[in-house]
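Below is final.pdb, which holds PDB, C-alpha atoms and all ligand atoms.
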```pdb
ATOM      1  CA  MET A  11      87.182 134.518 -51.291
ATOM      2  CA  LYS A  12      84.190 132.564 -50.004
ATOM      3  CA  ILE A  13      83.392 133.000 -46.306
ATOM      4  CA  ALA A  14      80.637 131.269 -44.315
ATOM      5  CA  ILE A  15      79.169 132.868 -41.204
ATOM      6  CA  VAL A  16      77.505 130.107 -39.179
ATOM      7  CA  TYR A  17      75.868 131.162 -35.942
ATOM      8  CA  TYR A  18      73.162 130.428 -33.392
ATOM      9  CA  SER A  19      71.376 133.223 -31.564
ATOM     10  CA  GLY A  20      68.390 132.848 -29.261
ATOM     11  CA  THR A  21      67.710 136.483 -28.373
ATOM     12  CA  GLY A  22      69.602 138.405 -31.045
ATOM     13  CA  ASN A  23      72.882 139.379 -29.394
ATOM     14  CA  THR A  24      75.088 136.938 -31.285
ATOM     15  CA  GLU A  25      73.072 137.782 -34.391
ATOM     16  CA  ALA A  26      74.029 141.450 -33.949
ATOM     17  CA  MET A  27      77.668 140.338 -33.802
ATOM     18  CA  ALA A  28      77.249 138.282 -36.986
ATOM     19  CA  ASP A  29      75.711 141.308 -38.713
ATOM     20  CA  ILE A  30      78.767 143.426 -37.851
ATOM     21  CA  ILE A  31      81.068 140.781 -39.357
ATOM     22  CA  LYS A  32      78.884 140.487 -42.455
ATOM     23  CA  ASP A  33      78.815 144.263 -42.962
ATOM     24  CA  LYS A  34      82.594 144.497 -42.579
ATOM     25  CA  LEU A  35      83.129 141.743 -45.152
ATOM     26  CA  SER A  36      80.714 143.269 -47.625
ATOM     27  CA  GLY A  37      82.483 143.956 -50.903
ATOM     28  CA  LYS A  38      85.640 142.111 -49.779
ATOM     29  CA  ALA A  39      84.394 138.543 -49.795
ATOM     30  CA  ASP A  40      81.589 136.354 -51.062
ATOM     31  CA  VAL A  41      79.723 135.887 -47.775
ATOM     32  CA  SER A  42      77.096 133.249 -46.991
ATOM     33  CA  VAL A  43      75.188 133.340 -43.698
ATOM     34  CA  ILE A  44      74.205 129.780 -42.835
ATOM     35  CA  ASP A  45      71.947 128.415 -40.107
ATOM     36  CA  PRO A  46      73.793 125.813 -37.997
ATOM     37  CA  SER A  47      70.967 123.327 -38.573
ATOM     38  CA  SER A  48      71.875 123.412 -42.283
ATOM     39  CA  PHE A  49      75.651 123.156 -41.940
ATOM     40  CA  GLY A  50      77.744 119.993 -41.931
ATOM     41  CA  PRO A  51      81.135 118.485 -42.780
ATOM     42  CA  SER A  52      80.631 118.608 -46.571
ATOM     43  CA  ASP A  53      80.123 122.397 -46.395
ATOM     44  CA  LEU A  54      83.684 122.800 -45.107
ATOM     45  CA  GLU A  55      84.961 122.157 -48.632
ATOM     46  CA  GLU A  56      82.831 124.939 -50.140
ATOM     47  CA  PHE A  57      84.401 127.899 -48.342
ATOM     48  CA  ASP A  58      87.839 129.430 -47.799
ATOM     49  CA  ALA A  59      87.171 130.661 -44.260
ATOM     50  CA  PHE A  60      84.552 130.457 -41.528
ATOM     51  CA  ALA A  61      83.146 132.684 -38.780
ATOM     52  CA  PHE A  62      81.433 130.582 -36.116
ATOM     53  CA  GLY A  63      79.199 132.264 -33.546
ATOM     54  CA  CYS A  64      77.411 130.868 -30.491
ATOM     55  CA  PRO A  65      76.401 132.354 -27.113
ATOM     56  CA  ALA A  66      77.224 130.875 -23.720
ATOM     57  CA  MET A  67      74.420 128.502 -22.805
ATOM     58  CA  GLY A  68      73.683 125.731 -20.314
ATOM     59  CA  ASN A  69      76.483 126.042 -17.796
ATOM     60  CA  GLU A  70      79.289 127.622 -19.865
ATOM     61  CA  VAL A  71      78.756 125.456 -22.922
ATOM     62  CA  LEU A  72      77.690 125.918 -26.545
ATOM     63  CA  GLU A  73      73.961 125.867 -27.294
ATOM     64  CA  GLU A  74      73.183 122.173 -26.959
ATOM     65  CA  ASP A  75      70.299 121.336 -29.297
ATOM     66  CA  ILE A  76      71.490 122.783 -32.618
ATOM     67  CA  PHE A  77      74.947 124.344 -32.466
ATOM     68  CA  GLU A  78      76.828 121.759 -30.393
ATOM     69  CA  PRO A  79      75.705 118.785 -32.551
ATOM     70  CA  MET A  80      76.670 120.713 -35.688
ATOM     71  CA  PHE A  81      80.038 121.673 -34.269
ATOM     72  CA  ALA A  82      80.741 118.134 -33.046
ATOM     73  CA  SER A  83      79.999 116.874 -36.567
ATOM     74  CA  ILE A  84      82.585 119.160 -38.199
ATOM     75  CA  GLU A  85      85.203 119.188 -35.447
ATOM     76  CA  GLY A  86      87.157 116.294 -36.926
ATOM     77  CA  ASN A  87      87.463 118.096 -40.269
ATOM     78  CA  LEU A  88      88.629 121.493 -39.027
ATOM     79  CA  SER A  89      92.347 120.865 -39.401
ATOM     80  CA  GLY A  90      93.931 123.652 -41.449
ATOM     81  CA  LYS A  91      90.670 125.593 -41.746
ATOM     82  CA  LYS A  92      90.849 129.365 -41.253
ATOM     83  CA  ILE A  93      88.279 130.440 -38.679
ATOM     84  CA  ILE A  94      87.209 133.081 -36.190
ATOM     85  CA  LEU A  95      84.938 132.559 -33.170
ATOM     86  CA  PHE A  96      82.456 134.996 -31.643
ATOM     87  CA  GLY A  97      79.565 134.972 -29.215
ATOM     88  CA  SER A  98      77.595 136.748 -26.546
ATOM     89  CA  TYR A  99      77.380 135.884 -22.856
ATOM     90  CA  GLY A 100      75.557 137.080 -19.753
ATOM     91  CA  TRP A 101      76.911 136.578 -16.258
ATOM     92  CA  GLY A 102      79.923 134.320 -16.746
ATOM     93  CA  ASP A 103      83.596 135.090 -17.329
ATOM     94  CA  GLY A 104      83.887 133.745 -20.858
ATOM     95  CA  GLU A 105      84.692 130.172 -19.851
ATOM     96  CA  TRP A 106      82.529 128.756 -22.659
ATOM     97  CA  MET A 107      84.614 130.605 -25.236
ATOM     98  CA  ARG A 108      87.936 129.527 -23.721
ATOM     99  CA  SER A 109      86.778 125.904 -23.902
ATOM    100  CA  TRP A 110      85.575 126.352 -27.465
ATOM    101  CA  GLU A 111      88.825 127.987 -28.553
ATOM    102  CA  GLU A 112      90.746 125.087 -27.011
ATOM    103  CA  ARG A 113      88.625 122.577 -28.912
ATOM    104  CA  CYS A 114      89.334 124.396 -32.176
ATOM    105  CA  LYS A 115      93.063 124.539 -31.531
ATOM    106  CA  ASN A 116      93.111 120.840 -30.635
ATOM    107  CA  ALA A 117      91.287 120.158 -33.907
ATOM    108  CA  GLY A 118      94.054 121.941 -35.800
ATOM    109  CA  ALA A 119      91.986 124.929 -36.928
ATOM    110  CA  MET A 120      93.846 128.160 -37.706
ATOM    111  CA  LEU A 121      92.359 130.998 -35.678
ATOM    112  CA  ALA A 122      92.820 134.188 -37.705
ATOM    113  CA  ALA A 123      92.123 136.361 -34.625
ATOM    114  CA  ASP A 124      91.414 136.022 -30.931
ATOM    115  CA  PRO A 125      87.808 135.040 -30.207
ATOM    116  CA  VAL A 126      85.469 138.018 -29.709
ATOM    117  CA  ILE A 127      82.994 137.937 -26.831
ATOM    118  CA  ALA A 128      80.359 140.529 -25.931
ATOM    119  CA  GLN A 129      78.358 140.805 -22.726
ATOM    120  CA  GLU A 130      74.764 140.763 -24.051
ATOM    121  CA  ALA A 131      74.550 143.170 -27.048
ATOM    122  CA  PRO A 132      77.886 144.146 -28.651
ATOM    123  CA  ASP A 133      79.149 147.573 -27.551
ATOM    124  CA  ASP A 134      81.558 149.807 -29.478
ATOM    125  CA  GLY A 135      84.590 147.893 -28.193
ATOM    126  CA  ALA A 136      83.173 144.567 -29.299
ATOM    127  CA  LYS A 137      82.218 146.104 -32.648
ATOM    128  CA  ALA A 138      85.804 147.203 -33.227
ATOM    129  CA  ASP A 139      87.099 143.751 -32.259
ATOM    130  CA  LEU A 140      84.611 142.054 -34.579
ATOM    131  CA  GLU A 141      85.604 144.298 -37.474
ATOM    132  CA  ALA A 142      89.295 143.585 -36.892
ATOM    133  CA  ALA A 143      88.581 139.847 -36.702
ATOM    134  CA  ALA A 144      86.564 140.028 -39.939
ATOM    135  CA  ASP A 145      89.473 141.763 -41.672
ATOM    136  CA  ALA A 146      91.896 139.127 -40.377
ATOM    137  CA  LEU A 147      89.618 136.358 -41.625
ATOM    138  CA  ALA A 148      89.470 137.875 -45.104
ATOM    139  CA  GLY A 149      93.164 138.767 -45.157
TER
HETATM  140  C1  LIG B   1      69.443 128.862 -21.128
HETATM  141  C2  LIG B   1      70.496 129.930 -20.990
HETATM  142  C3  LIG B   1      71.739 129.593 -20.487
HETATM  143  C4  LIG B   1      72.736 130.558 -20.336
HETATM  144  N1  LIG B   1      73.942 130.202 -19.801
HETATM  145  C5  LIG B   1      74.903 131.149 -19.670
HETATM  146  C6  LIG B   1      76.165 130.824 -19.111
HETATM  147  O1  LIG B   1      76.461 129.672 -18.757
HETATM  148  N2  LIG B   1      77.093 131.820 -18.973
HETATM  149  C7  LIG B   1      76.838 133.103 -19.346
HETATM  150  O2  LIG B   1      77.715 133.967 -19.231
HETATM  151  N3  LIG B   1      75.643 133.446 -19.899
HETATM  152  C8  LIG B   1      74.686 132.502 -20.072
HETATM  153  N4  LIG B   1      73.484 132.848 -20.630
HETATM  154  C9  LIG B   1      73.269 134.216 -21.098
HETATM  155  C10 LIG B   1      73.407 134.314 -22.608
HETATM  156  O3  LIG B   1      74.644 133.798 -23.051
HETATM  157  C11 LIG B   1      73.288 135.781 -23.027
HETATM  158  O4  LIG B   1      72.007 136.279 -22.695
HETATM  159  C12 LIG B   1      73.576 136.007 -24.495
HETATM  160  O5  LIG B   1      73.554 137.410 -24.761
HETATM  161  C13 LIG B   1      72.550 135.327 -25.389
HETATM  162  O6  LIG B   1      72.949 135.491 -26.731
HETATM  163  P1  LIG B   1      71.891 135.478 -27.926
HETATM  164  O7  LIG B   1      71.072 136.751 -27.783
HETATM  165  O8  LIG B   1      72.709 135.466 -29.160
HETATM  166  O9  LIG B   1      71.047 134.255 -27.752
HETATM  167  C14 LIG B   1      72.483 131.888 -20.754
HETATM  168  C15 LIG B   1      71.220 132.208 -21.294
HETATM  169  C16 LIG B   1      70.243 131.251 -21.414
HETATM  170  C17 LIG B   1      68.909 131.632 -22.002
END
```

Any chance you could give the structure as C-alpha cells?
Ligand SMILES: Cc1cc2nc3c(=O)[nH]c(=O)nc-3n(C[C@H](O)[C@H](O)[C@H](O)COP(=O)(O)O)c2cc1C
Amino acid sequence: MKIAIVYYSGTGNTEAMADIIKDKLSGKADVSVIDPSSFGPSDLEEFDAFAFGCPAMGNEVLEEDIFEPMFASIEGNLSGKKIILFGSYGWGDGEWMRSWEERCKNAGAMLAADPVIAQEAPDDGAKADLEAAADALAG
C-alpha cells in the first residue's frame, strides 16, 4: 500500500506528529513524505491513502501561503480518497481542524479516523491517537 504524508510545519510540532505517523507505518506501507509545495492533483492518483497535516494559522485557518493553495488545488479531486488529518495548535479550541474536516467531508473524502490535534508538541495522548489513526489509514 502506498501512503503519502503531506504536511506543513513552521516550528516543528506538526512535523513531530508526521514523524509519529511515519514511524507507525514503517514496515506496513510504502510511505512517501511530501512537501506541500511539491504536491498537486496528479499526485492523488499515485497513492492509496493520504495523511494531511497542517497547524492552525492566521485566525483558525490552514497555513495560507503553501498549504492552503495546495489543498484548494486538490480539494475537487478528493472524492473517495482515504485520508487522515492531523495538526498542532496553540491557543484556540481546534476550530481550524473542525472547518478542515468539514471541507474534506463535503469533498467526499473518506476519513479513516477522527482528526488528531495536539496543543503545541504532541504528548503521549496525541501520540497514541496518531498511531491509531495511522493504523486505520493502513488498514
Ligand atoms: C502566524 C501564526 C498564527 C497562529 N494562529 C493560530 C490560531 O489561529 N489558533 C491556534 O490555536 N494557534 C495558532 N497558532 C499557534 C500554532 O498553531 C502552534 O504554535 C502550532 O504548534 C504550530 O505548529 P508547527 O510547529 O507545526 O508550525 C498560530 C501560530 C502562528 C505562528

Care to translate the PyMOL selection byres (((chain A and resi 117-123) around 10) and not hetatm) into actual residues of this file, as a CSV table (one decimal) with C-alpha atoms, in the frame of the given file?
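Dumped everything to part-v6.csv:
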```
chain,number,residue,atom,x,y,z
A,59,ALA,CA,87.2,130.7,-44.3
A,60,PHE,CA,84.6,130.5,-41.5
A,61,ALA,CA,83.1,132.7,-38.8
A,84,ILE,CA,82.6,119.2,-38.2
A,85,GLU,CA,85.2,119.2,-35.4
A,86,GLY,CA,87.2,116.3,-36.9
A,87,ASN,CA,87.5,118.1,-40.3
A,88,LEU,CA,88.6,121.5,-39.0
A,89,SER,CA,92.3,120.9,-39.4
A,90,GLY,CA,93.9,123.7,-41.4
A,91,LYS,CA,90.7,125.6,-41.7
A,92,LYS,CA,90.8,129.4,-41.3
A,93,ILE,CA,88.3,130.4,-38.7
A,94,ILE,CA,87.2,133.1,-36.2
A,95,LEU,CA,84.9,132.6,-33.2
A,111,GLU,CA,88.8,128.0,-28.6
A,112,GLU,CA,90.7,125.1,-27.0
A,113,ARG,CA,88.6,122.6,-28.9
A,114,CYS,CA,89.3,124.4,-32.2
A,115,LYS,CA,93.1,124.5,-31.5
A,116,ASN,CA,93.1,120.8,-30.6
A,124,ASP,CA,91.4,136.0,-30.9
A,125,PRO,CA,87.8,135.0,-30.2
A,126,VAL,CA,85.5,138.0,-29.7
A,139,ASP,CA,87.1,143.8,-32.3
A,140,LEU,CA,84.6,142.1,-34.6
A,142,ALA,CA,89.3,143.6,-36.9
A,143,ALA,CA,88.6,139.8,-36.7
A,144,ALA,CA,86.6,140.0,-39.9
A,145,ASP,CA,89.5,141.8,-41.7
A,146,ALA,CA,91.9,139.1,-40.4
A,147,LEU,CA,89.6,136.4,-41.6
A,148,ALA,CA,89.5,137.9,-45.1
A,149,GLY,CA,93.2,138.8,-45.2
```

inquiry  = Would you pick out the contacts of Lys34 of chain A at 7 Å or less, using all atoms listed in the file, so that residues sharing its chain but fewer than 3 positions from it are not included, and give the list as a ChimeraX atom specification?
reply    = /A:30-31,141,144

Quick one: write out the picked residues with C-alpha atoms as a short mmCIF file (atom, residue, chain, number, x, y, z; two decimals), in the frame of the given file?
```cif
data_model
loop_
_atom_site.label_atom_id
_atom_site.label_comp_id
_atom_site.auth_asym_id
_atom_site.auth_seq_id
_atom_site.Cartn_x
_atom_site.Cartn_y
_atom_site.Cartn_z
CA ILE A 30 78.77 143.43 -37.85
CA ILE A 31 81.07 140.78 -39.36
CA GLU A 141 85.60 144.30 -37.47
CA ALA A 144 86.56 140.03 -39.94
#
```

ask   = So which residues get picked by the PyMOL selection byres (((not hetatm)) within 9 of (chain B and resi 1)) here, written as a PyMOL selection string?
value = chain A and resi 17-27+63-73+97-106+128-132

Provide an axis-aligned box for all listed atoms of segment 77-83 of chain A, padding each side by 6 Å; report its centre and its edge lengths in Å to one decimal, as AutoDock Vina command-line options.
```
--center_x 77.8 --center_y 120.6 --center_z -33.5 --size_x 17.8 --size_y 19.5 --size_z 18.2
```

request  = For atom CA of Val43 of chain A and atom CA of Phe77 of chain A, determine how far apart the two atoms are, in Å to one decimal place.
outcome  =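 According to the coordinates, atom CA of Val43 of chain A and atom CA of Phe77 of chain A are separated by 14.4 Å.
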
Could all heavy atoms be built for segment 96-107 of chain A and written out as a compact mmCIF listing (two decimals), in the frame of the given file?
```txt
# COMPACT_ATOMS: atom_id res chain seq x y z
N PHE A 96 83.07 133.86 -32.33
CA PHE A 96 82.46 135.00 -31.64
C PHE A 96 81.21 134.53 -30.91
O PHE A 96 80.64 133.48 -31.25
CB PHE A 96 82.12 136.13 -32.63
CG PHE A 96 81.09 135.77 -33.66
CD1 PHE A 96 79.76 136.09 -33.49
CD2 PHE A 96 81.46 135.10 -34.83
CE1 PHE A 96 78.80 135.76 -34.44
CE2 PHE A 96 80.51 134.77 -35.79
CZ PHE A 96 79.18 135.10 -35.59
N GLY A 97 80.79 135.31 -29.91
CA GLY A 97 79.56 134.97 -29.22
C GLY A 97 79.30 135.89 -28.05
O GLY A 97 80.19 136.57 -27.53
N SER A 98 78.04 135.91 -27.65
CA SER A 98 77.60 136.75 -26.55
C SER A 98 77.43 135.91 -25.28
O SER A 98 77.20 134.71 -25.35
CB SER A 98 76.26 137.41 -26.93
OG SER A 98 75.78 138.18 -25.86
N TYR A 99 77.55 136.57 -24.14
CA TYR A 99 77.38 135.88 -22.86
C TYR A 99 76.65 136.82 -21.90
O TYR A 99 76.41 138.00 -22.22
CB TYR A 99 78.73 135.45 -22.28
CG TYR A 99 79.61 136.59 -21.84
CD1 TYR A 99 79.74 136.93 -20.49
CD2 TYR A 99 80.30 137.35 -22.78
CE1 TYR A 99 80.54 137.98 -20.09
CE2 TYR A 99 81.10 138.41 -22.38
CZ TYR A 99 81.20 138.73 -21.03
OH TYR A 99 81.98 139.78 -20.64
N GLY A 100 76.30 136.28 -20.72
CA GLY A 100 75.56 137.08 -19.75
C GLY A 100 76.33 137.37 -18.49
O GLY A 100 76.90 138.44 -18.30
N TRP A 101 76.40 136.39 -17.61
CA TRP A 101 76.91 136.58 -16.26
C TRP A 101 78.24 135.85 -16.01
O TRP A 101 78.81 135.97 -14.94
CB TRP A 101 75.88 136.07 -15.26
CG TRP A 101 75.43 134.67 -15.58
CD1 TRP A 101 76.06 133.51 -15.23
CD2 TRP A 101 74.28 134.28 -16.34
NE1 TRP A 101 75.39 132.43 -15.73
CE2 TRP A 101 74.29 132.86 -16.41
CE3 TRP A 101 73.25 134.98 -16.97
CZ2 TRP A 101 73.29 132.15 -17.08
CZ3 TRP A 101 72.27 134.26 -17.63
CH2 TRP A 101 72.29 132.88 -17.68
N GLY A 102 78.71 135.11 -16.97
CA GLY A 102 79.92 134.32 -16.75
C GLY A 102 81.19 135.13 -16.98
O GLY A 102 81.16 136.36 -17.07
N ASP A 103 82.30 134.42 -17.10
CA ASP A 103 83.60 135.09 -17.33
C ASP A 103 84.20 134.69 -18.67
O ASP A 103 85.39 134.89 -18.88
CB ASP A 103 84.56 134.79 -16.18
CG ASP A 103 85.03 133.34 -16.19
OD1 ASP A 103 84.45 132.52 -16.97
OD2 ASP A 103 85.97 133.01 -15.45
N GLY A 104 83.38 134.13 -19.54
CA GLY A 104 83.89 133.74 -20.86
C GLY A 104 84.42 132.33 -20.92
O GLY A 104 85.05 131.95 -21.91
N GLU A 105 84.15 131.53 -19.88
CA GLU A 105 84.69 130.17 -19.85
C GLU A 105 84.27 129.36 -21.08
O GLU A 105 85.06 128.59 -21.63
CB GLU A 105 84.24 129.46 -18.57
CG GLU A 105 84.80 128.05 -18.43
CD GLU A 105 84.18 127.28 -17.27
OE1 GLU A 105 83.62 127.91 -16.35
OE2 GLU A 105 84.25 126.05 -17.31
N TRP A 106 83.00 129.54 -21.49
CA TRP A 106 82.53 128.76 -22.66
C TRP A 106 83.39 129.02 -23.89
O TRP A 106 83.69 128.10 -24.65
CB TRP A 106 81.04 129.07 -22.90
CG TRP A 106 80.72 129.93 -24.07
CD1 TRP A 106 80.23 129.51 -25.27
CD2 TRP A 106 80.85 131.36 -24.18
NE1 TRP A 106 80.05 130.61 -26.12
CE2 TRP A 106 80.41 131.74 -25.47
CE3 TRP A 106 81.29 132.37 -23.31
CZ2 TRP A 106 80.41 133.06 -25.92
CZ3 TRP A 106 81.29 133.68 -23.74
CH2 TRP A 106 80.87 134.02 -25.01
N MET A 107 83.82 130.28 -24.05
CA MET A 107 84.61 130.60 -25.24
C MET A 107 86.04 130.07 -25.11
O MET A 107 86.63 129.61 -26.09
CB MET A 107 84.62 132.11 -25.46
CG MET A 107 85.33 132.54 -26.74
SD MET A 107 84.64 131.81 -28.25
CE MET A 107 83.27 132.92 -28.59
```
